[in-house]
file final35.cif (mmCIF, C-alpha atoms and all ligand atoms)
data_query
#
loop_
_atom_site.label_atom_id
_atom_site.label_comp_id
_atom_site.auth_asym_id
_atom_site.auth_seq_id
_atom_site.Cartn_x
_atom_site.Cartn_y
_atom_site.Cartn_z
CA MET A 1 -49.81 57.66 61.47
CA LEU A 2 -48.66 61.26 61.75
CA ARG A 3 -50.78 62.54 58.94
CA ARG A 4 -54.49 61.95 58.82
CA PRO A 5 -56.14 64.11 56.16
CA ARG A 6 -59.53 63.02 57.46
CA ARG A 7 -59.03 65.25 60.55
CA ASN A 8 -59.73 68.23 58.30
CA ARG A 9 -63.01 66.70 57.21
CA LYS A 10 -64.38 65.80 60.64
CA SER A 11 -67.01 68.54 60.94
CA ALA A 12 -69.03 70.80 58.73
CA VAL A 13 -67.37 73.85 60.30
CA ILE A 14 -63.85 72.63 59.57
CA ARG A 15 -64.84 71.54 56.10
CA GLY A 16 -66.29 75.02 55.58
CA MET A 17 -63.10 76.74 56.74
CA ILE A 18 -60.83 74.79 54.44
CA GLU A 19 -63.13 74.94 51.43
CA GLU A 20 -60.89 76.04 48.54
CA THR A 21 -63.59 77.04 46.08
CA ARG A 22 -66.79 78.91 46.84
CA LEU A 23 -69.55 79.63 44.40
CA SER A 24 -71.20 83.01 44.42
CA THR A 25 -74.14 84.35 42.45
CA LYS A 26 -71.67 86.98 41.25
CA ASP A 27 -69.95 84.28 39.19
CA PHE A 28 -73.00 83.61 37.05
CA MET A 29 -74.18 84.89 33.73
CA TYR A 30 -77.66 83.69 32.74
CA PRO A 31 -78.42 83.01 29.05
CA LEU A 32 -81.94 84.07 27.99
CA PHE A 33 -83.87 83.48 24.76
CA LEU A 34 -85.95 86.37 23.39
CA LEU A 35 -89.11 85.92 21.33
CA GLU A 36 -90.74 88.55 19.15
CA GLY A 37 -94.15 89.77 20.30
CA LYS A 38 -95.95 89.98 23.61
CA ASN A 39 -97.07 87.76 26.45
CA LYS A 40 -95.14 84.68 25.35
CA LYS A 41 -93.38 82.12 27.49
CA VAL A 42 -92.52 78.88 25.72
CA GLU A 43 -90.49 76.13 27.36
CA VAL A 44 -87.61 74.60 25.39
CA ASP A 45 -88.50 70.89 25.08
CA SER A 46 -84.96 69.69 25.53
CA MET A 47 -84.25 72.13 28.40
CA PRO A 48 -86.85 71.67 31.15
CA GLY A 49 -87.19 74.86 33.19
CA ILE A 50 -85.77 77.09 30.46
CA TYR A 51 -88.17 79.31 28.52
CA ARG A 52 -88.17 81.54 25.50
CA PHE A 53 -89.67 84.85 26.62
CA SER A 54 -91.18 87.80 24.84
CA GLN A 55 -89.76 91.09 26.08
CA ASP A 56 -92.50 91.74 28.68
CA ASN A 57 -91.99 88.35 30.30
CA MET A 58 -88.21 88.60 30.05
CA ARG A 59 -88.42 91.79 32.04
CA ALA A 60 -90.12 89.89 34.87
CA GLU A 61 -87.53 87.12 34.66
CA ILE A 62 -84.66 89.62 34.87
CA GLU A 63 -86.31 91.31 37.83
CA GLN A 64 -86.51 88.01 39.72
CA CYS A 65 -82.90 87.21 38.91
CA LEU A 66 -81.68 90.60 40.10
CA GLU A 67 -83.42 90.01 43.42
CA LEU A 68 -81.57 86.70 43.70
CA GLY A 69 -78.25 88.41 42.96
CA VAL A 70 -77.84 87.20 39.38
CA LYS A 71 -76.99 90.39 37.54
CA SER A 72 -75.46 89.32 34.23
CA PHE A 73 -77.43 88.09 31.25
CA ASP A 74 -76.55 86.82 27.80
CA ILE A 75 -79.55 87.46 25.56
CA PHE A 76 -80.14 85.50 22.31
CA PRO A 77 -82.92 86.26 19.82
CA VAL A 78 -85.20 83.61 18.32
CA VAL A 79 -85.40 84.68 14.67
CA ALA A 80 -88.27 83.53 12.45
CA GLU A 81 -87.38 81.88 9.14
CA LYS A 82 -88.95 84.76 7.15
CA TYR A 83 -86.24 87.15 8.40
CA LYS A 84 -83.34 84.94 7.36
CA ASP A 85 -81.17 85.43 4.30
CA LYS A 86 -77.66 84.47 3.17
CA GLU A 87 -76.06 87.66 4.53
CA ALA A 88 -77.83 87.83 7.90
CA THR A 89 -78.95 91.39 7.07
CA TYR A 90 -81.76 91.27 9.62
CA SER A 91 -79.17 91.14 12.41
CA TYR A 92 -78.51 94.87 12.03
CA ASP A 93 -81.89 95.99 10.71
CA PRO A 94 -83.04 99.04 12.71
CA ASP A 95 -86.49 97.42 13.08
CA PHE A 96 -85.11 94.16 14.50
CA PHE A 97 -87.09 93.40 17.70
CA TYR A 98 -83.95 92.19 19.50
CA LEU A 99 -82.19 95.54 19.16
CA LYS A 100 -85.26 97.41 20.39
CA ALA A 101 -85.65 95.05 23.34
CA LEU A 102 -81.97 95.34 24.29
CA ARG A 103 -82.22 99.12 24.38
CA GLU A 104 -85.35 99.06 26.52
CA LEU A 105 -84.13 96.35 28.88
CA LYS A 106 -80.83 98.13 29.40
CA GLU A 107 -82.66 101.40 30.10
CA GLU A 108 -84.96 99.68 32.52
CA PHE A 109 -82.21 97.74 34.30
CA PRO A 110 -79.08 99.90 34.15
CA GLU A 111 -77.59 97.92 37.05
CA ALA A 112 -77.71 94.67 35.04
CA CYS A 113 -74.85 93.58 32.79
CA ILE A 114 -76.15 92.56 29.38
CA MET A 115 -74.17 90.56 26.83
CA THR A 116 -75.23 89.92 23.25
CA ASP A 117 -74.22 87.28 20.71
CA VAL A 118 -72.38 87.96 17.48
CA ALA A 119 -72.57 85.16 14.90
CA MET A 120 -74.58 84.73 11.72
CA ASP A 121 -76.29 81.40 12.48
CA PRO A 122 -79.63 82.61 13.94
CA TYR A 123 -80.09 84.95 10.95
CA SER A 124 -78.69 82.83 8.15
CA VAL A 125 -80.69 80.59 5.80
CA ASP A 126 -77.63 78.34 5.87
CA GLY A 127 -77.52 78.14 9.67
CA HIS A 128 -73.78 78.75 9.69
CA ASP A 129 -71.87 81.28 11.74
CA GLY A 130 -70.23 82.82 8.67
CA LEU A 131 -71.08 83.60 5.06
CA VAL A 132 -71.41 80.52 2.83
CA ASP A 133 -70.34 80.55 -0.85
CA GLU A 134 -71.84 78.49 -3.74
CA ASP A 135 -69.55 75.56 -2.96
CA GLY A 136 -70.60 75.44 0.67
CA LYS A 137 -67.37 76.98 1.93
CA ILE A 138 -67.61 79.20 5.02
CA LEU A 139 -65.88 82.45 4.07
CA ASN A 140 -63.79 84.19 6.70
CA ASP A 141 -62.87 87.73 5.72
CA GLU A 142 -66.19 88.39 3.96
CA SER A 143 -67.99 87.39 7.18
CA LEU A 144 -66.08 89.96 9.24
CA GLU A 145 -67.89 92.90 7.65
CA ILE A 146 -71.24 91.41 8.57
CA LEU A 147 -70.12 90.57 12.11
CA GLY A 148 -68.84 94.12 12.48
CA SER A 149 -72.20 95.59 11.45
CA MET A 150 -73.99 93.22 13.82
CA ALA A 151 -71.69 94.11 16.73
CA LEU A 152 -72.07 97.84 16.10
CA ALA A 153 -75.89 97.61 15.97
CA GLN A 154 -75.84 95.78 19.30
CA ALA A 155 -73.38 98.22 20.91
CA GLU A 156 -75.62 101.12 19.86
CA THR A 157 -78.36 99.75 22.12
CA GLY A 158 -76.16 100.45 25.14
CA ILE A 159 -75.43 96.87 26.16
CA ASP A 160 -72.29 96.07 28.13
CA ILE A 161 -70.52 93.17 26.45
CA ILE A 162 -70.34 91.86 22.88
CA GLY A 163 -69.94 88.08 22.65
CA PRO A 164 -68.50 86.95 19.31
CA SER A 165 -69.33 83.23 19.14
CA ASP A 166 -68.60 82.68 15.44
CA MET A 167 -64.94 81.54 15.57
CA MET A 168 -63.92 83.47 12.42
CA ASP A 169 -60.23 84.46 12.40
CA GLY A 170 -59.51 88.08 13.19
CA ARG A 171 -63.00 88.98 14.36
CA VAL A 172 -62.04 90.35 17.77
CA GLU A 173 -59.68 92.89 16.22
CA PHE A 174 -62.17 93.70 13.47
CA ILE A 175 -65.03 94.24 15.92
CA ARG A 176 -62.80 96.20 18.33
CA GLU A 177 -61.90 98.60 15.50
CA VAL A 178 -65.50 99.02 14.35
CA LEU A 179 -66.61 99.75 17.91
CA ASP A 180 -63.78 102.17 18.65
CA GLU A 181 -64.27 104.09 15.41
CA SER A 182 -67.88 104.71 16.39
CA GLY A 183 -67.14 105.79 19.95
CA TYR A 184 -67.93 102.50 21.67
CA GLU A 185 -64.51 102.02 23.21
CA ASP A 186 -66.17 101.16 26.54
CA THR A 187 -68.15 98.25 25.12
CA SER A 188 -66.40 95.06 26.23
CA ILE A 189 -65.69 91.93 24.21
CA MET A 190 -66.02 88.46 25.69
CA SER A 191 -64.54 86.29 23.01
CA TYR A 192 -65.58 82.69 22.54
CA SER A 193 -61.89 81.83 22.19
CA ALA A 194 -61.82 78.06 22.51
CA LYS A 195 -65.18 77.05 21.15
CA TYR A 196 -65.31 73.40 20.17
CA ALA A 197 -67.35 71.68 17.45
CA SER A 198 -69.42 69.97 20.10
CA ALA A 199 -72.43 67.67 20.29
CA PHE A 200 -73.50 69.51 23.43
CA TYR A 201 -75.09 72.47 21.58
CA GLY A 202 -78.10 70.45 20.37
CA PRO A 203 -80.77 71.82 22.75
CA PHE A 204 -79.63 75.43 22.10
CA ARG A 205 -80.10 74.94 18.37
CA ASP A 206 -83.60 73.58 19.12
CA ALA A 207 -84.32 76.67 21.22
CA LEU A 208 -83.28 79.06 18.44
CA ASP A 209 -84.04 76.84 15.47
CA SER A 210 -80.51 77.63 14.29
CA ALA A 211 -79.00 74.26 13.36
CA PRO A 212 -76.80 74.26 10.23
CA LYS A 213 -78.83 73.35 7.11
CA PHE A 214 -75.93 71.31 5.73
CA GLY A 215 -72.61 70.00 6.95
CA ASP A 216 -71.11 70.80 10.33
CA LYS A 217 -69.08 73.58 11.95
CA LYS A 218 -65.72 71.79 11.93
CA THR A 219 -63.92 74.23 9.63
CA TYR A 220 -64.33 77.02 12.16
CA GLN A 221 -65.10 75.52 15.60
CA MET A 222 -62.24 73.60 17.23
CA ASP A 223 -61.58 69.88 17.21
CA PRO A 224 -62.45 68.35 20.64
CA ALA A 225 -59.14 66.46 20.39
CA ASN A 226 -57.07 69.63 20.70
CA LEU A 227 -55.74 71.43 23.75
CA ARG A 228 -52.62 73.22 22.51
CA GLU A 229 -54.60 74.83 19.73
CA ALA A 230 -56.65 76.61 22.42
CA MET A 231 -53.48 78.51 23.31
CA ILE A 232 -53.20 79.86 19.77
CA GLU A 233 -56.82 81.02 19.79
CA ALA A 234 -56.52 82.58 23.24
CA GLU A 235 -53.24 84.37 22.42
CA LEU A 236 -54.75 85.90 19.31
CA ASP A 237 -57.91 87.03 21.09
CA GLU A 238 -55.94 88.58 23.92
CA GLU A 239 -53.67 90.42 21.46
CA GLU A 240 -56.69 91.57 19.48
CA GLY A 241 -58.18 93.18 22.59
CA ALA A 242 -60.60 90.67 24.13
CA ASP A 243 -61.56 91.57 27.71
CA PHE A 244 -62.56 88.00 28.60
CA LEU A 245 -61.57 84.66 27.06
CA MET A 246 -64.24 82.00 26.98
CA VAL A 247 -64.04 78.21 26.84
CA LYS A 248 -67.07 76.35 25.55
CA PRO A 249 -68.46 73.82 26.45
CA ALA A 250 -67.33 73.76 30.07
CA LEU A 251 -67.58 70.34 31.70
CA ALA A 252 -65.90 68.24 29.04
CA TYR A 253 -63.21 70.93 28.69
CA LEU A 254 -62.09 71.63 32.26
CA ASP A 255 -58.48 71.06 31.18
CA VAL A 256 -58.83 73.85 28.62
CA ILE A 257 -60.23 76.20 31.28
CA LYS A 258 -57.27 75.35 33.52
CA LEU A 259 -54.75 75.83 30.73
CA LEU A 260 -56.07 79.30 29.88
CA ARG A 261 -56.38 80.24 33.56
CA ASP A 262 -52.72 79.34 34.11
CA ASN A 263 -51.49 81.22 31.05
CA PHE A 264 -53.54 84.41 30.80
CA ASP A 265 -54.32 87.26 33.13
CA VAL A 266 -57.60 88.35 31.54
CA PRO A 267 -60.58 86.69 33.23
CA ILE A 268 -61.60 83.30 31.87
CA ALA A 269 -65.26 82.54 31.27
CA ALA A 270 -66.76 79.11 30.70
CA TYR A 271 -70.06 78.31 29.01
CA ASN A 272 -71.88 75.44 30.70
CA VAL A 273 -73.86 74.74 27.54
CA SER A 274 -77.36 73.55 26.76
CA GLY A 275 -76.48 69.86 26.39
CA GLU A 276 -74.70 69.86 29.73
CA TYR A 277 -77.81 71.33 31.31
CA ALA A 278 -80.10 68.86 29.53
CA MET A 279 -78.10 65.83 30.70
CA VAL A 280 -78.42 66.76 34.36
CA LYS A 281 -82.13 67.58 34.00
CA ALA A 282 -82.97 64.41 32.10
CA ALA A 283 -81.16 62.11 34.51
CA ALA A 284 -82.71 63.90 37.49
CA GLN A 285 -86.21 63.60 36.01
CA LYS A 286 -85.68 59.88 35.73
CA GLY A 287 -84.59 59.78 39.35
CA TRP A 288 -81.15 58.53 38.33
CA ILE A 289 -79.18 61.34 39.96
CA ASP A 290 -79.81 64.05 42.52
CA GLY A 291 -80.25 66.97 40.12
CA GLU A 292 -79.58 69.72 42.65
CA ARG A 293 -76.37 68.22 43.90
CA ALA A 294 -75.17 67.40 40.38
CA MET A 295 -75.87 71.00 39.38
CA MET A 296 -73.93 72.51 42.28
CA GLU A 297 -71.05 70.04 41.84
CA SER A 298 -70.82 70.87 38.12
CA LEU A 299 -70.73 74.62 38.76
CA LEU A 300 -68.18 74.23 41.55
CA SER A 301 -65.95 72.13 39.31
CA ILE A 302 -66.05 74.71 36.54
CA LYS A 303 -64.97 77.36 39.03
CA ARG A 304 -62.31 75.11 40.57
CA ALA A 305 -60.84 74.56 37.11
CA GLY A 306 -60.30 78.32 36.86
CA ALA A 307 -63.37 79.98 35.39
CA LYS A 308 -64.06 83.43 36.79
CA VAL A 309 -67.38 83.79 34.96
CA ILE A 310 -69.78 80.88 34.45
CA LEU A 311 -72.44 81.16 31.77
CA THR A 312 -75.08 78.71 32.85
CA TYR A 313 -78.77 77.89 32.45
CA PHE A 314 -78.61 76.86 36.11
CA ALA A 315 -77.90 80.43 37.24
CA LYS A 316 -81.33 81.18 38.67
CA GLU A 317 -81.82 77.80 40.31
CA ALA A 318 -78.33 77.77 41.78
CA ALA A 319 -78.80 81.31 43.09
CA GLN A 320 -81.93 80.17 44.90
CA ILE A 321 -79.92 77.43 46.59
CA LEU A 322 -77.00 79.73 47.44
CA LYS A 323 -79.49 82.13 49.00
CA GLY A 324 -80.64 79.27 51.21
C1 LIG A 401 -74.16 80.56 18.11
C2 LIG A 401 -74.06 79.94 19.46
C3 LIG A 401 -74.22 78.58 19.81
C4 LIG A 401 -74.20 78.53 21.20
C5 LIG A 401 -73.99 79.84 21.66
N1 LIG A 401 -73.89 80.69 20.56
C6 LIG A 401 -74.49 77.38 18.97
C7 LIG A 401 -73.52 76.95 17.95
O1 LIG A 401 -72.40 77.45 17.85
O2 LIG A 401 -73.90 76.08 17.18
C8 LIG A 401 -74.39 77.29 22.05
C9 LIG A 401 -74.90 77.50 23.42
C10 LIG A 401 -75.43 76.31 24.10
O3 LIG A 401 -75.41 75.17 23.60
O4 LIG A 401 -75.92 76.47 25.24
N2 LIG A 401 -73.01 80.67 17.38
#

call {"tool": "encode", "arguments": {"input": "final35.cif", "output": "structure tokens", "more": "lines below"}}
Ligand code: PBG
result
Amino acid sequence: MLRRPRRNRKSAVIRGMIEETRLSTKDFMYPLFLLEGKNKKVEVDSMPGIYRFSQDNMRAEIEQCLELGVKSFDIFPVVAEKYKDKEATYSYDPDFFYLKALRELKEEFPEACIMTDVAMDPYSVDGHDGLVDEDGKILNDESLEILGSMALAQAETGIDIIGPSDMMDGRVEFIREVLDESGYEDTSIMSYSAKYASAFYGPFRDALDSAPKFGDKKTYQMDPANLREAMIEAELDEEEGADFLMVKPALAYLDVIKLLRDNFDVPIAAYNVSGEYAMVKAAAQKGWIDGERAMMESLLSIKRAGAKVILTYFAKEAAQILKG
């Protein structure tokens, strides 16, 4: 035998030298759930180790993460039912606790990168990402105005990246124009470009109490059967001015991450979603898998597939391991 690939695996040092993919805490963006009020820290039942924090406790969490080298955060608000209406007007209300918290957190941690979420579902009595008409149809162009107002209100707080997760057509261009007209040309857009109608968002909807009140999201989120369609979405978002293209979920869609990585020069992000987190945690709690190793292997695989940025609930835990 002239060729013996095992020679390159014979020691930890050699394996380390030839390692093709290396995780870094710089790759991670950590999603956080914000509660109204003070002194609250409530675990999400279906996401062991993940909490909904009031602003004071979120500050402490961000501080710990920064020390570990995790510097990017995607903050989602938990919105009480009383604030919800059909038009998601609370999302850009000047008294909205989320907007106040974003401003204060960004002032307190200027070195952190903060992303926000643009979609109507947490604010809508219908629980859909767009405006719903009397027949239950999710309207596209009418939703854009609302998404634009929401994005502008978030940009005004000084955050770094707007994350449209709604999958309405034309929203990146619409939001880009709204931001630019108001002088926010430096606010970035990370578009949820290939976002699939997935079963893996369940625990997130528990965390925010944002599940659709009727029907499903299949007329706007993508069909899990489709790969080529992701190219159409990504091309449009790139043309419309997106700074990052995101694939979501991550693990069941590594081929989509790879396809976009091979075809676009803007950085690709992948969202390792709530259900993917919950599966690893649940199996580990039962002693069925080694949770730590499964976590690191999942994150590595997402990066190997071509993701530059990984949004993951594992960010803090993985950073602790990477730190040694
Ligand atoms: C809201 C939104 C969702 C997620 C991120 N933004 C849920 C959905 O589209 O139903 C899911 C994140 C996760 O599961 O971790 N549009």

call {"tool": "atom_distance", "arguments": {"input": "final35.cif", "atom1": "atom CA of A:Lys71", "atom2": "atom CA of A:Ala112"}}
result
5.0 Å

call {"tool": "closest_atom_pairs", "arguments": {"input": "final35.cif", "of": "stretch 79-194 of chain A", "to": "stretch 51-68 of chain A", "cutoff": "12 Å", "atoms": "all atoms listed in the file", "output": "CSV"}}
result
residue,atom,partner,partner_atom,distance
A:Val79,CA,A:Arg52,CA,11.6
A:Phe97,CA,A:Gln55,CA,9.1
A:Tyr98,CA,A:Gln55,CA,8.8
A:Leu99,CA,A:Gln55,CA,11.2
A:Lys100,CA,A:Gln55,CA,9.6
A:Ala101,CA,A:Gln55,CA,6.3
A:Leu102,CA,A:Gln55,CA,9.1
A:Arg103,CA,A:Gln55,CA,11.1
A:Glu104,CA,A:Gln55,CA,9.1
A:Leu105,CA,A:Arg59,CA,7.0
A:Lys106,CA,A:Arg59,CA,10.2
A:Glu107,CA,A:Arg59,CA,11.4
A:Glu108,CA,A:Arg59,CA,8.6
A:Phe109,CA,A:Glu63,CA,8.4
A:Pro110,CA,A:Leu66,CA,11.3
A:Glu111,CA,A:Leu66,CA,8.9
A:Ala112,CA,A:Leu66,CA,7.6
A:Cys113,CA,A:Leu66,CA,10.4
A:Ile114,CA,A:Ile62,CA,10.5

call {"tool": "atom_distance", "arguments": {"input": "final35.cif", "atom1": "atom CA of A:Lys316", "atom2": "atom CA of A:Ile75"}}
result
14.6 Å

call {"tool": "residues_around", "arguments": {"input": "final35.cif", "residues": "A:Ala80", "least_positions_apart": "5", "cutoff": "10 Å", "atoms": "only C-alpha atoms", "output": "list in words"}}
result
Leu35, Glu36, Pro122, Tyr123, Leu208, Asp209 and Ser210 of chain A

call {"tool": "residues_around", "arguments": {"input": "final35.cif", "residues": "A:Asp223", "least_positions_apart": "5", "cutoff": "7 Å", "atoms": "only C-alpha atoms", "output": "list in words"}}
result
Tyr196, Ala197 and Lys218 of chain A

call {"tool": "axis_aligned_box", "arguments": {"input": "final35.cif", "around": "stretch 91-102 of chain A", "padding_each_side": "6 Å", "output": "JSON"}}
result
{"center_x": -82.8, "center_y": 95.1, "center_z": 17.5, "size_x": 20.6, "size_y": 19.9, "size_z": 25.6}

call {"tool": "atom_distance", "arguments": {"input": "final35.cif", "atom1": "atom CA of A:Lys41", "atom2": "atom CA of A:Tyr92"}}
result
25.0 Å

call {"tool": "residues_near_ligand", "arguments": {"input": "final35.cif", "ligand": "ligand LIG 401 (chain A)", "cutoff": "7 Å", "atoms": "all atoms listed in the file", "output": "PyMOL selection string"}}
result
chain A and resi 117+119+121+129+165-166+200-205+211+272-275

call {"tool": "residues_around", "arguments": {"input": "final35.cif", "residues": "A:Asp45", "least_positions_apart": "2", "cutoff": "9 Å", "atoms": "all atoms listed in the file", "output": "PDB file with C-alpha atoms, keeping the file's coordinate frame"}}
result
ATOM      1  CA  VAL A  42     -92.520  78.880  25.720  1.00  0.00           C
ATOM      2  CA  GLU A  43     -90.490  76.130  27.360  1.00  0.00           C
ATOM      3  CA  MET A  47     -84.250  72.130  28.400  1.00  0.00           C
ATOM      4  CA  PRO A  48     -86.850  71.670  31.150  1.00  0.00           C
ATOM      5  CA  ILE A  50     -85.770  77.090  30.460  1.00  0.00           C
ATOM      6  CA  PRO A 203     -80.770  71.820  22.750  1.00  0.00           C
ATOM      7  CA  ASP A 206     -83.600  73.580  19.120  1.00  0.00           C
ATOM      8  CA  ALA A 207     -84.320  76.670  21.220  1.00  0.00           C
TER       9      ALA A 207
END

call {"tool": "closest_residue", "arguments": {"input": "final35.cif", "among": "A:Gly241, A:Ala199, A:Arg4, A:Ile268", "to": "A:Asp180", "atoms": "all atoms listed in the file"}}
result
A:Gly241

call {"tool": "closest_atom_pairs", "arguments": {"input": "final35.cif", "of": "stretch 176-250 of chain A", "to": "stretch 144-149 of chain A", "cutoff": "12 Å", "atoms": "all atoms listed in the file", "output": "tab-separated table"}}
result
residue	atom	partner	partner_atom	distance
A:Arg176	CA	A:Gly148	CA	8.7
A:Glu177	CA	A:Gly148	CA	8.8
A:Val178	CA	A:Gly148	CA	6.2
A:Leu179	CA	A:Gly148	CA	8.1
A:Asp180	CA	A:Gly148	CA	11.3
A:Glu181	CA	A:Gly148	CA	11.4
A:Ser182	CA	A:Ser149	CA	11.2

call {"tool": "closest_residue", "arguments": {"input": "final35.cif", "among": "A:Leu2, A:Val256, A:Leu251, A:Ala242", "to": "A:Ala225", "atoms": "only C-alpha atoms"}}
result
A:Val256

call {"tool": "closest_residue", "arguments": {"input": "final35.cif", "among": "A:Asn8, A:Ser191, A:Ser198, A:Ser46", "to": "A:Pro164", "atoms": "all atoms listed in the file"}}
result
A:Ser191

call {"tool": "residues_near_point", "arguments": {"input": "final35.cif", "point": "(-66.0, 78.8, 40.0)", "cutoff": "12 Å", "atoms": "all atoms listed in the file", "output": "ChimeraX atom specification"}}
result
/A:20-29,250-251,254,257-258,261,267-272,296-312

call {"tool": "write_last_selection", "arguments": {"input": "final35.cif", "atoms": "C-alpha atoms", "output": "tab-separated table (two decimals), keeping the file's coordinate frame"}}
result
chain	number	residue	atom	x	y	z
A	20	GLU	CA	-60.89	76.04	48.54
A	21	THR	CA	-63.59	77.04	46.08
A	22	ARG	CA	-66.79	78.91	46.84
A	23	LEU	CA	-69.55	79.63	44.40
A	24	SER	CA	-71.20	83.01	44.42
A	25	THR	CA	-74.14	84.35	42.45
A	26	LYS	CA	-71.67	86.98	41.25
A	27	ASP	CA	-69.95	84.28	39.19
A	28	PHE	CA	-73.00	83.61	37.05
A	29	MET	CA	-74.18	84.89	33.73
A	250	ALA	CA	-67.33	73.76	30.07
A	251	LEU	CA	-67.58	70.34	31.70
A	254	LEU	CA	-62.09	71.63	32.26
A	257	ILE	CA	-60.23	76.20	31.28
A	258	LYS	CA	-57.27	75.35	33.52
A	261	ARG	CA	-56.38	80.24	33.56
A	267	PRO	CA	-60.58	86.69	33.23
A	268	ILE	CA	-61.60	83.30	31.87
A	269	ALA	CA	-65.26	82.54	31.27
A	270	ALA	CA	-66.76	79.11	30.70
A	271	TYR	CA	-70.06	78.31	29.01
A	272	ASN	CA	-71.88	75.44	30.70
A	296	MET	CA	-73.93	72.51	42.28
A	297	GLU	CA	-71.05	70.04	41.84
A	298	SER	CA	-70.82	70.87	38.12
A	299	LEU	CA	-70.73	74.62	38.76
A	300	LEU	CA	-68.18	74.23	41.55
A	301	SER	CA	-65.95	72.13	39.31
A	302	ILE	CA	-66.05	74.71	36.54
A	303	LYS	CA	-64.97	77.36	39.03
A	304	ARG	CA	-62.31	75.11	40.57
A	305	ALA	CA	-60.84	74.56	37.11
A	306	GLY	CA	-60.30	78.32	36.86
A	307	ALA	CA	-63.37	79.98	35.39
A	308	LYS	CA	-64.06	83.43	36.79
A	309	VAL	CA	-67.38	83.79	34.96
A	310	ILE	CA	-69.78	80.88	34.45
A	311	LEU	CA	-72.44	81.16	31.77
A	312	THR	CA	-75.08	78.71	32.85

call {"tool": "closest_residue", "arguments": {"input": "final35.cif", "among": "A:Met295, A:Met150, A:Ala234, A:Ile162", "to": "A:Met115", "atoms": "all atoms listed in the file"}}
result
A:Ile162

call {"tool": "closest_residue", "arguments": {"input": "final35.cif", "among": "A:Asp265, A:Asp85, A:Glu185, A:Asp160", "to": "A:Val125", "atoms": "all atoms listed in the file"}}
result
A:Asp85

call {"tool": "closest_residue", "arguments": {"input": "final35.cif", "among": "A:Ile138, A:Val266, A:Ala151, A:Ile159", "to": "A:Phe214", "atoms": "only C-alpha atoms"}}
result
A:Ile138

call {"tool": "decode", "arguments": {"input": "final35.cif", "residues": "stretch 215-227 of chain A", "atoms": "N, CA and C atoms", "output": "PDB file, in the first residue's frame"}}
result
ATOM      1  N   GLY A 215     -53.636  27.800  10.940  1.00  0.00           N
ATOM      2  CA  GLY A 215     -52.869  27.459   9.743  1.00  0.00           C
ATOM      3  C   GLY A 215     -51.387  27.284  10.007  1.00  0.00           C
ATOM      4  N   ASP A 216     -50.593  27.433   8.938  1.00  0.00           N
ATOM      5  CA  ASP A 216     -49.156  27.269   9.059  1.00  0.00           C
ATOM      6  C   ASP A 216     -48.478  28.383   8.269  1.00  0.00           C
ATOM      7  N   LYS A 217     -47.167  28.299   8.117  1.00  0.00           N
ATOM      8  CA  LYS A 217     -46.436  29.400   7.475  1.00  0.00           C
ATOM      9  C   LYS A 217     -45.979  29.046   6.060  1.00  0.00           C
ATOM     10  N   LYS A 218     -46.679  28.038   5.466  1.00  0.00           N
ATOM     11  CA  LYS A 218     -46.189  27.498   4.191  1.00  0.00           C
ATOM     12  C   LYS A 218     -46.360  28.408   2.979  1.00  0.00           C
ATOM     13  N   THR A 219     -47.183  29.459   3.095  1.00  0.00           N
ATOM     14  CA  THR A 219     -47.290  30.347   1.924  1.00  0.00           C
ATOM     15  C   THR A 219     -46.186  31.400   1.917  1.00  0.00           C
ATOM     16  N   TYR A 220     -45.408  31.461   2.981  1.00  0.00           N
ATOM     17  CA  TYR A 220     -44.263  32.391   2.922  1.00  0.00           C
ATOM     18  C   TYR A 220     -42.931  31.725   3.237  1.00  0.00           C
ATOM     19  N   GLN A 221     -42.873  30.807   4.203  1.00  0.00           N
ATOM     20  CA  GLN A 221     -41.616  30.093   4.443  1.00  0.00           C
ATOM     21  C   GLN A 221     -41.466  28.978   3.402  1.00  0.00           C
ATOM     22  N   MET A 222     -40.220  28.574   3.139  1.00  0.00           N
ATOM     23  CA  MET A 222     -39.962  27.651   2.025  1.00  0.00           C
ATOM     24  C   MET A 222     -40.296  26.200   2.343  1.00  0.00           C
ATOM     25  N   ASP A 223     -40.550  25.456   1.288  1.00  0.00           N
ATOM     26  CA  ASP A 223     -40.829  24.033   1.366  1.00  0.00           C
ATOM     27  C   ASP A 223     -39.510  23.279   1.614  1.00  0.00           C
ATOM     28  N   PRO A 224     -39.454  22.468   2.689  1.00  0.00           N
ATOM     29  CA  PRO A 224     -38.223  21.716   2.983  1.00  0.00           C
ATOM     30  C   PRO A 224     -37.749  20.835   1.815  1.00  0.00           C
ATOM     31  N   ALA A 225     -38.607  20.604   0.842  1.00  0.00           N
ATOM     32  CA  ALA A 225     -38.223  19.772  -0.302  1.00  0.00           C
ATOM     33  C   ALA A 225     -37.315  20.515  -1.284  1.00  0.00           C
ATOM     34  N   ASN A 226     -37.231  21.844  -1.151  1.00  0.00           N
ATOM     35  CA  ASN A 226     -36.621  22.626  -2.224  1.00  0.00           C
ATOM     36  C   ASN A 226     -35.240  23.187  -1.918  1.00  0.00           C
ATOM     37  N   LEU A 227     -34.347  22.955  -2.894  1.00  0.00           N
ATOM     38  CA  LEU A 227     -32.987  23.486  -2.815  1.00  0.00           C
ATOM     39  C   LEU A 227     -32.778  24.611  -3.822  1.00  0.00           C
TER      40      LEU A 227
END
